[in-house]
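> Below you'll find the structure I mean.
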Amino acid sequence: IYRVDTHWAQVIAMVTQTLSLRRLIFLERVPGDHRVREVESFNCSLEDIDERRRDYHRFPYSDAIAANGPILIPEDRPYLHAEDSDEEQYLVPLSFAGDILGFWAFGIKAEDAAAIPDFLLLVRDYAFIIGELLYNRQEIIKKEKQDHKLVYQLALEREEEAYRALKQTIAFLKRRFDNLTNLFNGLHVMVIVYDLFGRVLEANREMLDQLKSLGLAPYDMTPADMVSKLTGKPLPEAQQLLRQVVNDRGPVSFLVTLQDRRFNLYLRPLEFDSSSEELPEPAPFGVNGIVCELMETTSMVEIYEMKKYLANKLSGSVIKGLEELDREMDAFAQPLDEKKQKRLAANFRDKINTLIATMNKCHLYVSRGTDLLDYSQILPVNS
């Protein structure tokens, strides 16, 4: 995002995959002026802006700056052309270290905003992250322009020995990368990693094959889209799950059924390495991305269901046998001749032996149940 021209579009992707916004527009500050200009929009056009002066010394920009956070636009002075009566409009300043970099205007259904815990605080956090991203991008571009001339001169003066050392280093890194790629593709756990802007960073062969069999194209989907498709949950619920992963840095795990096979879908944040001295890529909220893992649990679930079935059968047989013994115990309370006593005692002993045999047989089946497990599967430890 720091070095691409589509950085605003990527910021929109980051926001819309976790917040249920109906439409939004980003504006950036005109250098050396107190005006702003429209740069990118989502589900609307730049012509939808009612406010025409674009002067951030005036309402509503000045109110947002004074609040240092999102403000709710009054219904009688909408910022965007009003579409639906249930839409709330907000304007948020984008700043860093007190320097105004732009503004973020958006519309959202009132019920969607109310469904998101601490909605305004979350929007404020996003605005801070976006402001930091824009500031870092400006600084990197400025530094690269300053360094360009020096780099060009150094390239002309490059010595043969330095060139060979660089070539060897590149070859070493390529071998290591190839080894890691082979290791990643060899995993039996299906893995795909997205960055916070909705782009696929890595995906192993197992995951790509599985998604292809489901008719899904991961490189054309955001993580919210993929989670929604895999779980059958509505998109707002999938977005809520991703908010938990990104904003709360908490893993999410639940069972899904795909093509009559059982899986554990595990979502977790790809944590930013704070020990690194450089920041080659942005890490909003201290997270570099979202890791999605699919771990098949079909055999484990089948074994669990078999054991549950056997346990129910065992308990039913034992209870029935004990009830019969209880009824036969009543006969011992009656005066009996020796022959009848022997016959009742023999029946009593036979029923006890039958119960013991039933319990032993069930124990044998349960203890051997794991033989049905296909150990070529890698099963999750927390399933």
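Following the order of the structure tokens, chains are lettered A, B, ..., residues in each are numbered from 1, and ligands are numbered from 1.
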Dump as a Markdown table the rows for residues of region 203-266 of chain A within 12 Å of region 100-120 of chain A: closest atom pair and distance in Å with one decimal, only C-alpha atoms counted, ordered by chain and rising residue number.


| residue | atom | partner | partner_atom | distance |
| --- | --- | --- | --- | --- |
| A:Leu235 | CA | A:Asp112 | CA | 11.9 |
| A:Pro236 | CA | A:Asp112 | CA | 8.5 |
| A:Glu237 | CA | A:Ala115 | CA | 10.3 |
| A:Gln239 | CA | A:Ile116 | CA | 10.1 |
| A:Gln240 | CA | A:Ile116 | CA | 7.8 |
| A:Leu241 | CA | A:Ile116 | CA | 11.3 |
| A:Arg243 | CA | A:Ile116 | CA | 9.6 |
| A:Gln244 | CA | A:Pro117 | CA | 10.8 |
| A:Asn247 | CA | A:Pro117 | CA | 11.6 |
| A:Asp248 | CA | A:Pro117 | CA | 11.9 |

> For region 212-217 of chain A, list every protein, DNA or RNA residue within 12 Å, evaluated using only C-alpha atoms, and leave out those in the same chain fewer than 5 positions away; present the list as a short mmCIF file (atom, residue, chain, number, x, y, z; two decimals) with C-alpha atoms, in the first residue's frame.


data_model
loop_
_atom_site.label_atom_id
_atom_site.label_comp_id
_atom_site.auth_asym_id
_atom_site.auth_seq_id
_atom_site.Cartn_x
_atom_site.Cartn_y
_atom_site.Cartn_z
CA VAL A 200 -4.15 -13.12 -0.64
CA ALA A 203 -2.19 -20.15 0.10
CA ARG A 205 -2.01 -26.27 -2.61
CA GLU A 206 -4.41 -28.16 -0.33
CA MET A 207 -6.46 -25.03 0.31
CA THR A 222 -12.03 -10.89 0.56
CA PRO A 223 -11.63 -12.94 3.74
CA ASP A 225 -16.54 -13.21 1.51
CA MET A 226 -14.70 -16.50 1.97
CA VAL A 227 -15.79 -16.97 5.59
CA SER A 228 -19.38 -16.20 4.57
CA LYS A 229 -19.26 -18.79 1.77
CA LEU A 230 -17.61 -21.51 3.87
CA THR A 257 -19.59 -29.11 6.66
CA LEU A 258 -18.36 -28.98 3.07
CA GLN A 259 -19.37 -31.60 0.51
CA ASP A 260 -20.42 -34.06 3.28
#

> May I ask for the distance between CA of Ile49 (chain A) and CA of Pro78 (chain A), given in Å to one decimal place?

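According to the coordinates, CA of Ile49 (chain A) and CA of Pro78 (chain A) are separated by 8.8 Å.
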
> Using only C-alpha atoms, can you tell me which of A:Trp8, A:Phe197, A:Phe59, A:Phe285 comes closest to Phe42 (chain A)?

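Smallest separation from Phe42 (chain A) among the options: A:Trp8.
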
> Kindly indicate which residue among A:Asn288, A:Gln10, A:Gly69, A:Leu294 lies nearest to Glu40 (chain A), using only C-alpha atoms for the distances.

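For Glu40 (chain A), the nearest of the given residues is A:Gln10.
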
> Nearest to Val256 (chain A): which of A:Leu270, A:Ala224, A:Met295, A:Met190 is it, counting only C-alpha atoms?

A:Met295

> Could you tell me, as an MDAnalysis selection string, which residues of region 29-126 of chain A DSSP assigns to strand (DSSP E or B) when given the backbone?

chainID A and resid 29 35:42 49 55 71:72 80 87:96 99:109

> Please produce a file of those selected residues containing C-alpha atoms, as a PDB file, in the first residue's frame.


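Result file follows (result_11.pdb):
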ATOM      1  CA  ARG A  29      -6.083  17.448   1.676  1.00  0.00           C
ATOM      2  CA  ARG A  35      -9.351  22.517   0.876  1.00  0.00           C
ATOM      3  CA  VAL A  36      -9.916  18.815   0.235  1.00  0.00           C
ATOM      4  CA  ARG A  37     -10.584  16.831  -2.932  1.00  0.00           C
ATOM      5  CA  GLU A  38     -12.413  13.571  -3.550  1.00  0.00           C
ATOM      6  CA  VAL A  39     -10.150  10.616  -4.303  1.00  0.00           C
ATOM      7  CA  GLU A  40     -12.091   7.349  -3.934  1.00  0.00           C
ATOM      8  CA  SER A  41     -15.644   6.161  -3.289  1.00  0.00           C
ATOM      9  CA  PHE A  42     -17.549   2.939  -2.589  1.00  0.00           C
ATOM     10  CA  ILE A  49     -21.495  14.968  -2.022  1.00  0.00           C
ATOM     11  CA  ASP A  55     -13.090  23.976   2.783  1.00  0.00           C
ATOM     12  CA  ILE A  71     -19.368  13.128  14.054  1.00  0.00           C
ATOM     13  CA  LEU A  72     -22.941  12.276  13.139  1.00  0.00           C
ATOM     14  CA  LEU A  80     -24.218  12.967   0.949  1.00  0.00           C
ATOM     15  CA  GLU A  87     -29.194   5.789   6.954  1.00  0.00           C
ATOM     16  CA  GLU A  88     -26.890   7.618   9.349  1.00  0.00           C
ATOM     17  CA  GLN A  89     -24.076   9.714   7.876  1.00  0.00           C
ATOM     18  CA  TYR A  90     -20.739  10.305   9.567  1.00  0.00           C
ATOM     19  CA  LEU A  91     -17.668  12.413   8.813  1.00  0.00           C
ATOM     20  CA  VAL A  92     -14.312  11.454  10.287  1.00  0.00           C
ATOM     21  CA  PRO A  93     -11.034  13.427  10.132  1.00  0.00           C
ATOM     22  CA  LEU A  94      -7.907  11.559   9.043  1.00  0.00           C
ATOM     23  CA  SER A  95      -4.876  13.009  10.751  1.00  0.00           C
ATOM     24  CA  PHE A  96      -1.484  12.114  12.142  1.00  0.00           C
ATOM     25  CA  ASP A  99      -1.630  17.221  10.695  1.00  0.00           C
ATOM     26  CA  ILE A 100      -4.903  16.908   8.737  1.00  0.00           C
ATOM     27  CA  LEU A 101      -4.407  14.453   5.855  1.00  0.00           C
ATOM     28  CA  GLY A 102      -7.992  14.021   4.706  1.00  0.00           C
ATOM     29  CA  PHE A 103     -11.520  13.006   5.647  1.00  0.00           C
ATOM     30  CA  TRP A 104     -13.676   9.904   5.567  1.00  0.00           C
ATOM     31  CA  ALA A 105     -17.426  10.238   4.957  1.00  0.00           C
ATOM     32  CA  PHE A 106     -19.740   7.250   5.087  1.00  0.00           C
ATOM     33  CA  GLY A 107     -23.322   6.129   5.411  1.00  0.00           C
ATOM     34  CA  ILE A 108     -24.538   3.134   7.410  1.00  0.00           C
ATOM     35  CA  LYS A 109     -27.897   1.740   8.424  1.00  0.00           C
TER      36      LYS A 109
END
